[in-house]
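Next up, coords13.txt (compact mmCIF, C-alpha atoms and all ligand atoms):
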# COMPACT_ATOMS: atom_id res chain seq x y z
CA MET A 1 18.27 4.32 18.89
CA ASN A 2 17.70 3.65 15.20
CA GLN A 3 14.85 5.71 13.75
CA ASN A 4 13.70 2.89 11.46
CA ILE A 5 11.72 0.03 12.94
CA LEU A 6 12.77 -3.36 11.54
CA LEU A 7 9.70 -5.60 11.56
CA ASN A 8 11.54 -8.77 10.61
CA GLU A 9 13.65 -8.35 13.74
CA ILE A 10 10.43 -8.36 15.76
CA SER A 11 8.81 -11.34 14.05
CA LYS A 12 12.13 -13.22 13.72
CA LEU A 13 10.70 -14.64 10.51
CA LYS A 14 13.80 -14.90 8.37
CA SER A 15 12.99 -17.06 5.35
CA LYS A 16 11.23 -15.67 2.28
CA GLN A 17 8.58 -18.36 2.60
CA SER A 18 7.76 -17.52 6.22
CA GLN A 19 7.61 -13.80 5.43
CA TRP A 20 5.31 -14.44 2.45
CA GLU A 21 3.02 -16.59 4.60
CA PRO A 22 3.36 -15.07 8.09
CA PHE A 23 -0.21 -16.06 8.96
CA ALA A 24 0.62 -18.95 11.32
CA TRP A 25 2.86 -16.61 13.30
CA TYR A 26 0.12 -13.94 13.39
CA LYS A 27 -2.27 -16.56 14.79
CA GLU A 28 0.24 -17.62 17.42
CA MET A 29 0.66 -13.98 18.47
CA ARG A 30 -3.11 -13.38 18.61
CA GLU A 31 -3.51 -16.42 20.80
CA ASN A 32 -0.45 -16.15 23.05
CA SER A 33 0.94 -12.59 22.99
CA PRO A 34 -1.67 -10.25 21.51
CA VAL A 35 0.08 -7.25 23.08
CA PHE A 36 3.78 -7.84 22.71
CA TYR A 37 6.69 -5.64 23.75
CA ASP A 38 9.91 -5.87 21.75
CA ALA A 39 12.59 -4.64 24.15
CA GLU A 40 15.37 -4.59 21.60
CA GLN A 41 13.69 -1.83 19.56
CA ASP A 42 11.42 -0.49 22.32
CA VAL A 43 8.30 -1.17 20.24
CA TRP A 44 4.81 -2.32 21.29
CA ASN A 45 2.94 -4.60 18.91
CA VAL A 46 -0.77 -5.40 18.75
CA PHE A 47 -2.26 -8.26 16.75
CA LEU A 48 -6.01 -8.28 17.52
CA TYR A 49 -8.57 -6.55 15.31
CA GLU A 50 -9.99 -4.38 18.11
CA HIS A 51 -6.56 -3.22 19.24
CA ALA A 52 -5.20 -2.55 15.77
CA LYS A 53 -8.26 -0.49 14.91
CA ARG A 54 -7.94 1.54 18.10
CA VAL A 55 -4.28 2.28 17.36
CA LEU A 56 -5.19 3.48 13.88
CA PHE A 57 -8.07 5.75 14.78
CA ASP A 58 -7.40 7.00 18.31
CA HIS A 59 -5.07 9.88 17.48
CA GLU A 60 -5.16 11.27 21.02
CA LEU A 61 -3.47 8.17 22.39
CA PHE A 62 -1.57 7.13 19.27
CA SER A 63 -0.07 9.95 17.25
CA ASN A 64 1.20 10.19 13.68
CA LYS A 65 3.81 12.76 14.71
CA LYS A 66 6.66 10.33 14.80
CA GLU A 67 10.40 10.43 15.23
CA ARG A 68 10.77 6.73 14.47
CA SER A 69 8.78 4.75 11.93
CA LEU A 70 8.65 1.54 9.97
CA ILE A 71 8.13 3.53 6.77
CA PRO A 72 11.66 3.32 5.40
CA THR A 73 12.39 6.86 4.27
CA PRO A 74 15.74 8.53 4.74
CA SER A 75 15.98 10.67 7.83
CA LYS A 76 13.52 13.60 8.02
CA SER A 77 12.95 13.54 4.25
CA PHE A 78 9.16 13.62 4.57
CA ASP A 79 8.97 15.94 7.53
CA ASN A 80 7.37 19.00 5.94
CA ARG A 81 4.16 21.04 5.93
CA SER A 82 2.63 19.23 2.98
CA ASN A 83 3.00 15.71 4.39
CA VAL A 84 -0.54 14.56 5.00
CA ASN A 85 0.37 11.51 7.02
CA MET A 86 2.79 12.72 9.72
CA VAL A 87 0.39 15.02 11.52
CA ASP A 88 -2.64 14.68 13.82
CA PRO A 89 -6.09 16.29 13.76
CA PRO A 90 -7.05 19.13 13.73
CA GLU A 91 -3.99 20.25 11.70
CA HIS A 92 -4.27 17.07 9.65
CA ARG A 93 -7.64 18.07 8.24
CA LYS A 94 -6.22 21.13 6.46
CA ARG A 95 -3.36 19.23 4.92
CA ARG A 96 -5.62 16.41 3.81
CA ALA A 97 -8.00 18.88 2.20
CA LEU A 98 -5.16 19.97 -0.11
CA GLN A 99 -5.15 16.58 -1.76
CA SER A 100 -8.59 15.16 -1.17
CA GLN A 101 -10.13 17.12 -4.04
CA ALA A 102 -8.43 14.80 -6.51
CA PHE A 103 -9.99 11.70 -4.96
CA THR A 104 -13.64 12.67 -4.65
CA PRO A 105 -16.14 10.32 -6.35
CA ARG A 106 -16.73 13.05 -8.94
CA SER A 107 -13.06 13.38 -9.87
CA LEU A 108 -12.77 9.62 -10.04
CA LYS A 109 -15.77 9.35 -12.35
CA GLU A 110 -13.87 11.63 -14.72
CA TRP A 111 -10.85 9.34 -14.48
CA GLU A 112 -12.72 6.11 -15.11
CA PRO A 113 -12.67 6.20 -18.95
CA ARG A 114 -8.95 7.01 -18.94
CA ILE A 115 -8.18 4.09 -16.61
CA GLN A 116 -10.35 1.83 -18.77
CA ALA A 117 -8.36 2.92 -21.85
CA ILE A 118 -5.02 2.20 -20.14
CA VAL A 119 -6.29 -1.24 -19.07
CA ASP A 120 -7.65 -2.02 -22.56
CA GLU A 121 -4.30 -1.16 -24.08
CA LEU A 122 -2.43 -3.36 -21.59
CA ILE A 123 -4.81 -6.26 -22.20
CA ALA A 124 -4.62 -5.87 -25.97
CA ASP A 125 -0.88 -6.22 -25.58
CA MET A 126 -1.41 -9.78 -24.23
CA GLU A 127 -2.93 -10.85 -27.57
CA GLY A 128 -1.64 -14.17 -28.88
CA GLU A 129 0.37 -15.03 -25.74
CA SER A 130 -0.19 -18.33 -23.93
CA THR A 131 2.18 -17.60 -21.05
CA LEU A 132 2.67 -14.13 -19.65
CA ASP A 133 4.06 -12.31 -16.65
CA ILE A 134 1.05 -10.57 -15.14
CA MET A 135 3.33 -8.24 -13.17
CA GLU A 136 5.10 -6.91 -16.23
CA LYS A 137 1.92 -6.79 -18.32
CA LEU A 138 -0.57 -5.34 -15.85
CA ALA A 139 0.17 -5.10 -12.13
CA ILE A 140 3.25 -2.87 -12.51
CA PRO A 141 2.39 -0.58 -15.47
CA LEU A 142 -1.23 0.19 -14.53
CA PRO A 143 -0.79 1.94 -11.15
CA VAL A 144 2.37 3.83 -12.12
CA THR A 145 0.80 5.09 -15.36
CA VAL A 146 -2.39 6.16 -13.58
CA ILE A 147 -0.66 7.98 -10.74
CA ALA A 148 1.80 9.66 -13.14
CA GLU A 149 -1.08 10.94 -15.29
CA LEU A 150 -3.07 12.02 -12.27
CA LEU A 151 -0.15 14.05 -10.98
CA GLY A 152 0.65 15.36 -14.43
CA VAL A 153 4.07 13.72 -14.80
CA PRO A 154 4.91 12.27 -18.26
CA SER A 155 3.85 8.61 -18.16
CA LYS A 156 6.58 7.78 -20.70
CA ASP A 157 8.92 8.15 -17.70
CA ARG A 158 7.12 5.39 -15.81
CA ARG A 159 10.14 3.06 -15.72
CA LEU A 160 12.22 5.77 -14.13
CA ILE A 161 9.48 6.57 -11.62
CA LYS A 162 9.01 2.90 -10.84
CA SER A 163 12.74 2.41 -10.23
CA TRP A 164 12.86 5.29 -7.70
CA SER A 165 9.67 4.09 -6.09
CA ASP A 166 11.13 0.55 -5.75
CA ILE A 167 14.17 1.88 -3.92
CA LEU A 168 12.11 4.11 -1.63
CA PHE A 169 10.00 1.05 -0.75
CA LEU A 170 13.01 -1.16 0.08
CA PRO A 171 12.86 -2.07 3.75
CA TYR A 172 15.93 -1.37 5.86
CA ASN A 173 17.71 -4.34 7.33
CA LYS A 174 20.38 -4.64 9.98
CA GLU A 175 23.09 -6.05 7.73
CA ALA A 176 22.95 -3.58 4.83
CA PHE A 177 21.59 -0.51 6.60
CA VAL A 178 24.17 2.02 5.42
CA ASP A 179 24.12 0.80 1.84
CA ILE A 180 20.30 0.88 1.64
CA ASP A 181 20.20 4.34 3.22
CA GLN A 182 22.69 5.59 0.63
CA GLN A 183 20.57 4.15 -2.23
CA LYS A 184 17.47 5.83 -0.83
CA ARG A 185 19.12 9.22 -0.49
CA GLN A 186 20.34 8.98 -4.07
CA ALA A 187 16.87 7.92 -5.36
CA MET A 188 15.23 10.69 -3.40
CA LYS A 189 17.65 13.27 -4.82
CA GLU A 190 17.14 12.08 -8.41
CA PHE A 191 13.37 11.98 -7.97
CA ARG A 192 13.38 15.50 -6.53
CA ASP A 193 15.63 16.86 -9.29
CA TYR A 194 13.32 15.28 -11.86
CA LEU A 195 10.13 16.73 -10.35
CA PHE A 196 11.40 20.20 -9.46
CA PRO A 197 11.36 21.73 -12.97
CA ILE A 198 7.97 20.08 -13.63
CA VAL A 199 6.55 21.79 -10.54
CA GLN A 200 8.08 25.15 -11.52
CA GLU A 201 6.60 24.87 -15.00
CA LYS A 202 3.14 24.00 -13.67
CA ARG A 203 3.21 26.89 -11.24
CA LYS A 204 3.71 29.21 -14.20
CA HIS A 205 1.25 27.42 -16.50
CA PRO A 206 -1.18 25.38 -14.40
CA VAL A 207 -3.22 22.67 -16.10
CA ASP A 208 -5.79 20.16 -14.85
CA ASP A 209 -3.72 17.84 -12.66
CA ILE A 210 -2.76 17.33 -9.01
CA ILE A 211 0.65 19.04 -9.17
CA SER A 212 -0.93 22.17 -10.70
CA ASP A 213 -3.61 22.10 -7.99
CA LEU A 214 -0.98 21.81 -5.28
CA THR A 215 0.95 24.82 -6.62
CA LYS A 216 -2.23 26.90 -6.26
CA ALA A 217 -3.34 25.48 -2.91
CA GLU A 218 -2.96 27.47 0.28
CA LEU A 219 -2.20 26.30 3.78
CA GLU A 220 -2.92 28.91 6.47
CA GLY A 221 -2.94 31.68 3.89
CA GLU A 222 0.39 30.69 2.37
CA GLN A 223 1.06 28.79 -0.84
CA LEU A 224 3.13 25.63 -0.68
CA THR A 225 6.74 26.12 -1.80
CA ASP A 226 8.03 24.24 -4.85
CA GLU A 227 9.93 21.96 -2.51
CA GLU A 228 6.75 21.14 -0.57
CA VAL A 229 4.84 20.39 -3.75
CA VAL A 230 7.67 18.08 -4.88
CA MET A 231 7.59 16.19 -1.58
CA SER A 232 3.83 15.94 -1.72
CA ALA A 233 4.00 14.46 -5.22
CA ILE A 234 6.64 11.94 -4.14
CA GLY A 235 4.44 11.05 -1.19
CA LEU A 236 1.45 10.36 -3.45
CA LEU A 237 3.52 8.34 -5.88
CA GLY A 238 4.96 6.39 -2.98
CA ALA A 239 1.58 5.78 -1.35
CA GLY A 240 -0.31 4.84 -4.50
CA ASN A 241 2.04 2.86 -6.65
CA GLU A 242 3.56 -0.24 -5.03
CA THR A 243 0.45 -0.71 -2.89
CA THR A 244 -1.85 -0.99 -5.89
CA THR A 245 0.66 -3.16 -7.78
CA LYS A 246 0.68 -5.48 -4.79
CA LEU A 247 -3.11 -5.57 -4.71
CA ILE A 248 -3.38 -6.51 -8.40
CA SER A 249 -0.67 -9.16 -8.17
CA ASN A 250 -2.30 -10.63 -5.06
CA VAL A 251 -5.62 -10.84 -6.92
CA PHE A 252 -4.00 -13.15 -9.46
CA TYR A 253 -2.11 -15.11 -6.81
CA CYS A 254 -5.34 -15.72 -4.86
CA ILE A 255 -7.13 -16.87 -8.03
CA LEU A 256 -4.33 -19.32 -8.80
CA PHE A 257 -3.48 -20.65 -5.37
CA ASP A 258 -5.94 -19.63 -2.65
CA LYS A 259 -9.33 -20.31 -4.19
CA PRO A 260 -9.49 -22.80 -7.05
CA GLY A 261 -12.70 -22.33 -9.04
CA ILE A 262 -13.03 -18.62 -8.25
CA TYR A 263 -12.00 -17.56 -11.76
CA GLN A 264 -15.00 -19.27 -13.35
CA GLU A 265 -17.28 -17.89 -10.65
CA LEU A 266 -16.08 -14.36 -11.51
CA ARG A 267 -16.48 -15.01 -15.22
CA SER A 268 -20.03 -16.15 -14.74
CA ASP A 269 -20.85 -13.06 -12.67
CA VAL A 270 -18.50 -10.08 -12.99
CA SER A 271 -20.52 -8.15 -10.42
CA LEU A 272 -18.58 -10.25 -7.87
CA VAL A 273 -15.31 -8.52 -8.82
CA PRO A 274 -15.51 -5.78 -6.12
CA ASN A 275 -16.05 -8.45 -3.44
CA MET A 276 -13.08 -10.39 -4.80
CA ILE A 277 -10.90 -7.30 -4.43
CA GLU A 278 -12.01 -6.66 -0.84
CA GLU A 279 -11.32 -10.27 0.14
CA VAL A 280 -7.85 -10.15 -1.43
CA LEU A 281 -7.16 -6.99 0.58
CA ARG A 282 -8.22 -8.76 3.77
CA PHE A 283 -6.58 -12.07 3.07
CA ARG A 284 -3.15 -11.22 1.72
CA PHE A 285 -2.12 -7.80 2.92
CA THR A 286 0.99 -7.93 5.07
CA ALA A 287 1.60 -4.20 5.45
CA HIS A 288 1.41 -2.70 8.93
CA MET A 289 1.15 0.80 10.41
CA ASP A 290 2.86 2.46 13.34
CA ARG A 291 2.14 5.31 15.73
CA ARG A 292 3.87 7.11 18.61
CA VAL A 293 2.31 6.54 22.02
CA ALA A 294 1.16 10.11 22.79
CA GLN A 295 0.61 9.72 26.54
CA ASP A 296 1.28 7.07 29.18
CA THR A 297 -1.51 4.50 28.96
CA ASN A 298 -2.51 0.98 29.94
CA VAL A 299 -5.42 0.84 27.52
CA PHE A 300 -4.38 -2.63 26.36
CA GLY A 301 -3.58 -3.89 29.87
CA HIS A 302 0.13 -3.07 29.72
CA GLU A 303 1.97 0.08 30.79
CA MET A 304 2.95 1.95 27.64
CA LYS A 305 5.07 5.05 27.93
CA GLU A 306 4.75 8.28 26.01
CA GLY A 307 7.20 8.32 23.10
CA GLN A 308 7.30 4.56 22.58
CA VAL A 309 6.36 3.20 19.17
CA ILE A 310 3.35 0.96 18.66
CA VAL A 311 2.75 -1.19 15.58
CA ALA A 312 -0.74 -2.27 14.49
CA TRP A 313 -0.23 -5.59 12.70
CA ILE A 314 -2.95 -5.12 10.10
CA GLY A 315 -2.34 -8.43 8.35
CA SER A 316 -3.02 -10.18 11.65
CA ALA A 317 -6.07 -8.06 12.52
CA ASN A 318 -7.53 -9.02 9.15
CA ARG A 319 -7.43 -12.68 10.16
CA ASP A 320 -8.87 -12.24 13.64
CA GLU A 321 -11.67 -14.80 14.14
CA SER A 322 -13.47 -12.50 16.55
CA GLU A 323 -14.16 -10.15 13.63
CA PHE A 324 -14.13 -12.52 10.65
CA ALA A 325 -15.79 -15.94 10.87
CA HIS A 326 -13.57 -18.70 9.36
CA ALA A 327 -10.94 -15.99 8.93
CA GLU A 328 -8.30 -18.31 7.48
CA GLU A 329 -10.57 -19.13 4.55
CA PHE A 330 -10.80 -17.07 1.38
CA ASP A 331 -14.49 -16.24 1.02
CA ILE A 332 -15.81 -13.51 -1.27
CA HIS A 333 -19.31 -13.90 0.15
CA ARG A 334 -18.56 -12.93 3.76
CA PRO A 335 -21.06 -10.31 4.98
CA ASN A 336 -18.54 -7.87 6.49
CA ILE A 337 -16.17 -8.03 3.57
CA GLN A 338 -15.19 -4.34 3.79
CA HIS A 339 -14.22 -4.48 7.47
CA HIS A 340 -10.56 -5.27 6.78
CA LEU A 341 -8.02 -2.69 7.93
CA SER A 342 -5.81 -2.75 4.84
CA PHE A 343 -6.71 0.87 4.05
CA GLY A 344 -6.36 1.88 7.70
CA SER A 345 -9.12 3.33 9.88
CA GLY A 346 -10.08 6.75 11.23
CA PRO A 347 -8.67 10.14 10.19
CA HIS A 348 -5.81 8.73 8.11
CA PHE A 349 -7.98 6.24 6.22
CA CYS A 350 -6.35 5.82 2.81
CA LEU A 351 -7.08 8.80 0.61
CA GLY A 352 -6.48 6.72 -2.50
CA ALA A 353 -8.70 3.75 -1.55
CA PRO A 354 -11.43 4.59 -4.10
CA LEU A 355 -8.78 4.96 -6.81
CA ALA A 356 -7.03 1.68 -5.91
CA ARG A 357 -10.37 -0.14 -5.82
CA MET A 358 -11.35 1.32 -9.17
CA GLU A 359 -8.07 0.38 -10.86
CA ALA A 360 -8.25 -3.19 -9.56
CA ARG A 361 -11.93 -3.52 -10.49
CA ILE A 362 -11.45 -2.26 -14.06
CA ALA A 363 -8.34 -4.40 -14.55
CA LEU A 364 -9.86 -7.63 -13.24
CA THR A 365 -13.17 -7.15 -15.03
CA ALA A 366 -11.47 -6.57 -18.37
CA PHE A 367 -9.18 -9.54 -17.79
CA VAL A 368 -11.88 -12.09 -16.90
CA LYS A 369 -13.95 -11.01 -19.88
CA ARG A 370 -10.95 -11.48 -22.17
CA PHE A 371 -9.53 -14.84 -20.99
CA ALA A 372 -11.40 -18.12 -20.70
CA ASP A 373 -9.14 -19.50 -17.97
CA ILE A 374 -5.80 -19.06 -16.22
CA ARG A 375 -3.43 -21.58 -14.66
CA PRO A 376 -0.09 -21.51 -12.84
CA VAL A 377 2.96 -22.39 -14.95
CA ALA A 378 4.41 -25.86 -14.30
CA GLY A 379 6.85 -26.03 -11.39
CA PHE A 380 5.97 -22.58 -10.06
CA GLU A 381 7.76 -21.92 -6.75
CA VAL A 382 6.64 -18.68 -5.16
CA THR A 383 9.91 -18.09 -3.31
CA GLU A 384 11.71 -17.75 -6.66
CA HIS A 385 9.49 -14.80 -7.55
CA LEU A 386 9.54 -12.67 -4.42
CA ALA A 387 11.30 -9.46 -3.43
CA ASP A 388 11.34 -7.81 -0.04
CA SER A 389 9.45 -4.55 0.29
CA VAL A 390 8.01 -2.37 3.01
CA LEU A 391 4.74 -4.16 2.24
CA GLY A 392 6.38 -7.46 3.19
CA GLN A 393 7.51 -10.03 0.64
CA SER A 394 5.91 -9.08 -2.67
CA LEU A 395 5.71 -10.75 -6.05
CA GLU A 396 8.33 -9.46 -8.46
CA ASN A 397 6.98 -11.50 -11.34
CA LEU A 398 4.09 -13.92 -11.70
CA PRO A 399 4.14 -16.05 -14.82
CA ILE A 400 0.71 -17.48 -15.68
CA MET A 401 -0.79 -19.54 -18.49
CA VAL A 402 -3.86 -18.12 -20.18
CA ASP A 403 -6.55 -19.60 -22.42
CA HIS A 404 -8.00 -17.07 -24.83
CA ASN A 405 -11.74 -16.91 -25.46
CA LYS A 406 -12.77 -19.15 -28.32
C1 LIG B 501 -4.21 -1.23 -2.47
C2 LIG B 501 -3.72 -0.03 -2.44
C3 LIG B 501 -3.51 0.79 -1.20
C4 LIG B 501 -3.38 0.39 0.11
C5 LIG B 501 -3.45 -1.02 0.67
C6 LIG B 501 -3.19 1.60 0.91
C7 LIG B 501 -3.06 1.61 2.29
C8 LIG B 501 -3.06 2.74 3.05
C9 LIG B 501 -3.12 2.77 4.50
C10 LIG B 501 -3.15 1.55 5.42
C11 LIG B 501 -3.14 4.07 4.89
C12 LIG B 501 -3.26 4.59 6.33
C13 LIG B 501 -1.97 5.15 6.88
C14 LIG B 501 -2.05 5.46 8.36
O1 LIG B 501 -2.96 5.00 9.06
O2 LIG B 501 -1.14 6.17 8.83
C15 LIG B 501 -3.06 4.88 3.70
C16 LIG B 501 -3.00 6.26 3.68
C17 LIG B 501 -2.85 6.98 2.53
N1 LIG B 501 -2.92 6.51 1.23
FE1 LIG B 501 -3.18 4.62 0.65
N2 LIG B 501 -3.19 2.68 0.07
C18 LIG B 501 -3.39 2.23 -1.22
C19 LIG B 501 -3.48 3.00 -2.36
C20 LIG B 501 -3.35 4.36 -2.40
C21 LIG B 501 -3.43 5.19 -3.58
C22 LIG B 501 -3.73 4.68 -4.99
C23 LIG B 501 -3.18 6.47 -3.19
C24 LIG B 501 -3.13 7.73 -3.98
C25 LIG B 501 -2.74 7.89 -5.15
C26 LIG B 501 -2.98 6.45 -1.75
C27 LIG B 501 -2.73 7.57 -0.99
C28 LIG B 501 -2.73 7.59 0.40
C29 LIG B 501 -2.52 8.79 1.17
C30 LIG B 501 -2.26 10.19 0.64
C31 LIG B 501 -2.59 8.40 2.52
C32 LIG B 501 -2.41 9.30 3.75
C33 LIG B 501 -3.75 9.73 4.26
C34 LIG B 501 -3.65 10.47 5.58
O3 LIG B 501 -2.67 10.32 6.32
O4 LIG B 501 -4.60 11.21 5.88
N3 LIG B 501 -3.10 5.16 -1.31
N4 LIG B 501 -3.05 4.04 2.59
Please express what this file holds, its structure, as structure tokens.
Ligand code: HEM
Amino acid sequence: MNQNILLNEISKLKSKQSQWEPFAWYKEMRENSPVFYDAEQDVWNVFLYEHAKRVLFDHELFSNKKERSLIPTPSKSFDNRSNVNMVDPPEHRKRRALQSQAFTPRSLKEWEPRIQAIVDELIADMEGESTLDIMEKLAIPLPVTVIAELLGVPSKDRRLIKSWSDILFLPYNKEAFVDIDQQKRQAMKEFRDYLFPIVQEKRKHPVDDIISDLTKAELEGEQLTDEEVVMSAIGLLGAGNETTTKLISNVFYCILFDKPGIYQELRSDVSLVPNMIEEVLRFRFTAHMDRRVAQDTNVFGHEMKEGQVIVAWIGSANRDESEFAHAEEFDIHRPNIQHHLSFGSGPHFCLGAPLARMEARIALTAFVKRFADIRPVAGFEVTEHLADSVLGQSLENLPIMVDHNK
């Protein structure tokens, strides 16, 4: 059986439009087949909030030690001691501790002025433009620059890093499986060859960044090898780049198309920006997480067998009416705005969530202060601007019209 789970073969949503807006299908599944078995790939699927949350946090029943996964990485490439995600507690705690230092509130406080400076530079670069591509100008360069600097990789190489990251985030599909796998292996090799000498150099002359920290860190009394540090760095770049780009692009898409009037509301009260970001995460995240069933169970009323895969459809859980009143509406004033599962739940809760939130908050705050209004360009058709990714269909570019402050 194929080790990569193909979600589009489960949903049978084939058009770009239906993959970009899968929400009607999610609703249908919540109502009619909330626990659904896909026999073709031998995968269980859960769509309700309660179930998805249980899959994410109950590591005794649902394990992260997986042989098959919907994360589209070439075979075994991430299976090493430094991978924080593919392991269960208690071992998980030690691996997570290696990286968590960099994401404490204190470390982030130190990063805030640097992120603000990167944002200010990107916004200054929009000067004098009346139409701009918010992806090219902000949503793509910000996260890749931040994560490169955090790791200690030259941010001048951000285009190179972004191009490898794009390929590693390509989903597999049935038709072009071999070709995509080949591209991924090549990207992984190039990325590794690029990072290896950087890691060796930092081991000799450590500075204040995550790669240097990882070269010094110990796991069970042993330092990580150069190879393990490289894979850890690729893992962090992979986890923190496209995800945050998608968040920032979705913020602008929601302003333009999901909630007319919200831009002026944010301008009149920028303290609403964090709520805006949480609601975008709830409303438009179509990424999902998988686990291996760790023991036979009928916890969801169906017989699941040890070794089978189970997918928590987070995008569907986020629209479950039993958790979120008027879930299909975009509402930045909902009381339980942080309850979405877009950052996961339980021991594997996203390590980079505070960083992603901070980047999006600084970027949106600076933007709304700078521009009087934004509008979609005439004749905008979303399907012409999408590309497939492991996060579902994602905006590749998003042209917008801007009015500068008078
Ligand atoms: C909007 C942006 C982001 C989203 C939606 C997101 C989403 C997620 C989710 C759902 C998980 C849970 C995985 C699981 O349950 O197996 C996760 C884990 C993780 N994320 Fe994020 N993430 C984002 C940004 C970032 C950033 C900026 C970084 C770091 C630079 C990062 C690093 C990680 C790491 C290291 C893990 C693994 C944690 C563990 O397994 O203990 N993420 N993320």
- Query: Quick one, how far is atom CA of A:Trp313 from atom CA of A:Ala325?
  - Reply: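 So the two atoms, atom CA of A:Trp313 and atom CA of A:Ala325, lie 18.8 Å apart.
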- Query: Using all atoms listed in the file, which of the listed residues (A:Pro335, A:Gly240, A:Pro260, A:Gly315) sits closest to ligand LIG 501 (chain B)?
  - Reply: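 For ligand LIG 501 (chain B), the nearest of the candidates is A:Gly240.
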- Task: Could you jot down the atom CA of A:Met126 to atom CA of A:Val146 separation for me, Å, one decimal place?
- Result: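 Interatomic distance here is 19.2 Å.
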- Message: Rounded to one decimal, what separation in Å do you get between atom CA of A:Ser82 and atom C12 of ligand LIG 501 (chain B)?
- Response: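 The value is 16.1 Å.
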Contact check, stretch 175-241 of chain A to stretch 106-124 of chain A, at most 12 Å, counting all atoms listed in the file, closest pairs as a tab-separated table:
residue	atom	partner	partner_atom	distance
A:Asp208	CA	A:Ser107	CA	11.1
A:Asp209	CA	A:Ser107	CA	10.7
A:Ile210	CA	A:Ser107	CA	11.1
Limited to C-alpha atoms, could you put the picked residues into a file as a tab-separated table (two decimals), keeping the file's coordinate frame?
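Once written, part01.tsv looks like this:
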chain	number	residue	atom	x	y	z
A	208	ASP	CA	-5.79	20.16	-14.85
A	209	ASP	CA	-3.72	17.84	-12.66
A	210	ILE	CA	-2.76	17.33	-9.01
- Message: So that I can check the surroundings of stretch 384-396 of chain A, please list as a VMD selection string every protein, DNA and RNA residue that reaches within 6 Å of it, counting only C-alpha atoms and ignoring chain neighbours fewer than 2 positions away.
- Response: chain A and resid 20 169 to 171 286 to 287 381 to 382
Kindly save the residues from that selection, with C-alpha atoms included, as a PDB file, in the frame of the given file.
ATOM      1  CA  TRP A  20       5.310 -14.440   2.450  1.00  0.00           C
ATOM      2  CA  PHE A 169      10.000   1.050  -0.750  1.00  0.00           C
ATOM      3  CA  LEU A 170      13.010  -1.160   0.080  1.00  0.00           C
ATOM      4  CA  PRO A 171      12.860  -2.070   3.750  1.00  0.00           C
ATOM      5  CA  THR A 286       0.990  -7.930   5.070  1.00  0.00           C
ATOM      6  CA  ALA A 287       1.600  -4.200   5.450  1.00  0.00           C
ATOM      7  CA  GLU A 381       7.760 -21.920  -6.750  1.00  0.00           C
ATOM      8  CA  VAL A 382       6.640 -18.680  -5.160  1.00  0.00           C
TER       9      VAL A 382
END
- Item | Top pick for closest residue to A:Met188, considering A:Ser232, A:Asn250, A:Ser165, A:Asn173 and counting all atoms listed in the file |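 Nearest to A:Met188: A:Ser165.
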Using the file's own x, y and z axes, what box holds all listed atoms of ligand LIG 501 (chain B) with 5 Å on each side, keeping edges along x, y and z, and what are its centre and edge lengths in Å to one decimal, as AutoDock Vina command-line options?
--center_x -2.9 --center_y 5.0 --center_z 2.0 --size_x 13.5 --size_y 22.4 --size_z 24.2
- Just the residues within 12 Å of A:Arg284, please, counting only C-alpha atoms, with nothing from its chain fewer than 6 positions along; format it as a PyMOL selection string. chain A and resi 19-23+246-255+257-258+276-278+314-319+327-330+340-342+391-395
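Proximity to A:Arg54 was assessed for A:Thr145, A:Thr104, A:Thr243, A:Ser345 counting only C-alpha atoms; the smallest distance is recorded for A:Ser345.
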- Message: Considering all atoms listed in the file, can you say which of A:Ile337, A:Met304, A:Val273, A:Ala312 comes closest to A:Lys369?
- Response: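 The closest residue to A:Lys369 is A:Val273.
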- Item | Counting only C-alpha atoms, the residue of A:Val377, A:Ala294, A:Phe371, A:Lys189 that sits nearest A:Lys406 |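 So, comparing all the options, the nearest one is A:Phe371.
Closest approach to ligand LIG 501 (chain B) among A:Asn83, A:Asn8, A:Thr244, A:Asn45: A:Thr244, based on only C-alpha atoms and all ligand atoms.
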- Task: Just the residues within 12 Å of A:Val207, please, counting all atoms listed in the file, with nothing from its chain fewer than 6 positions along; format it as number ranges by chain.
- Result: A: 149-153, 198-199, 201, 213-216
- Counting all atoms listed in the file, what is within 9 Å of A:His404, bar same-chain residues fewer than 2 positions away, as JSON, numbers by chain? {"A": [127, 128, 129, 130, 370, 371, 372, 373, 402, 406]}
- Task: Please identify all polymer residues within 9 Å of A:Asp88, counting only C-alpha atoms, omitting same-chain residues fewer than 3 positions from it, and present them as a PyMOL selection string.
- Result: chain A and resi 59-60+63-65+85+91-93+347-348
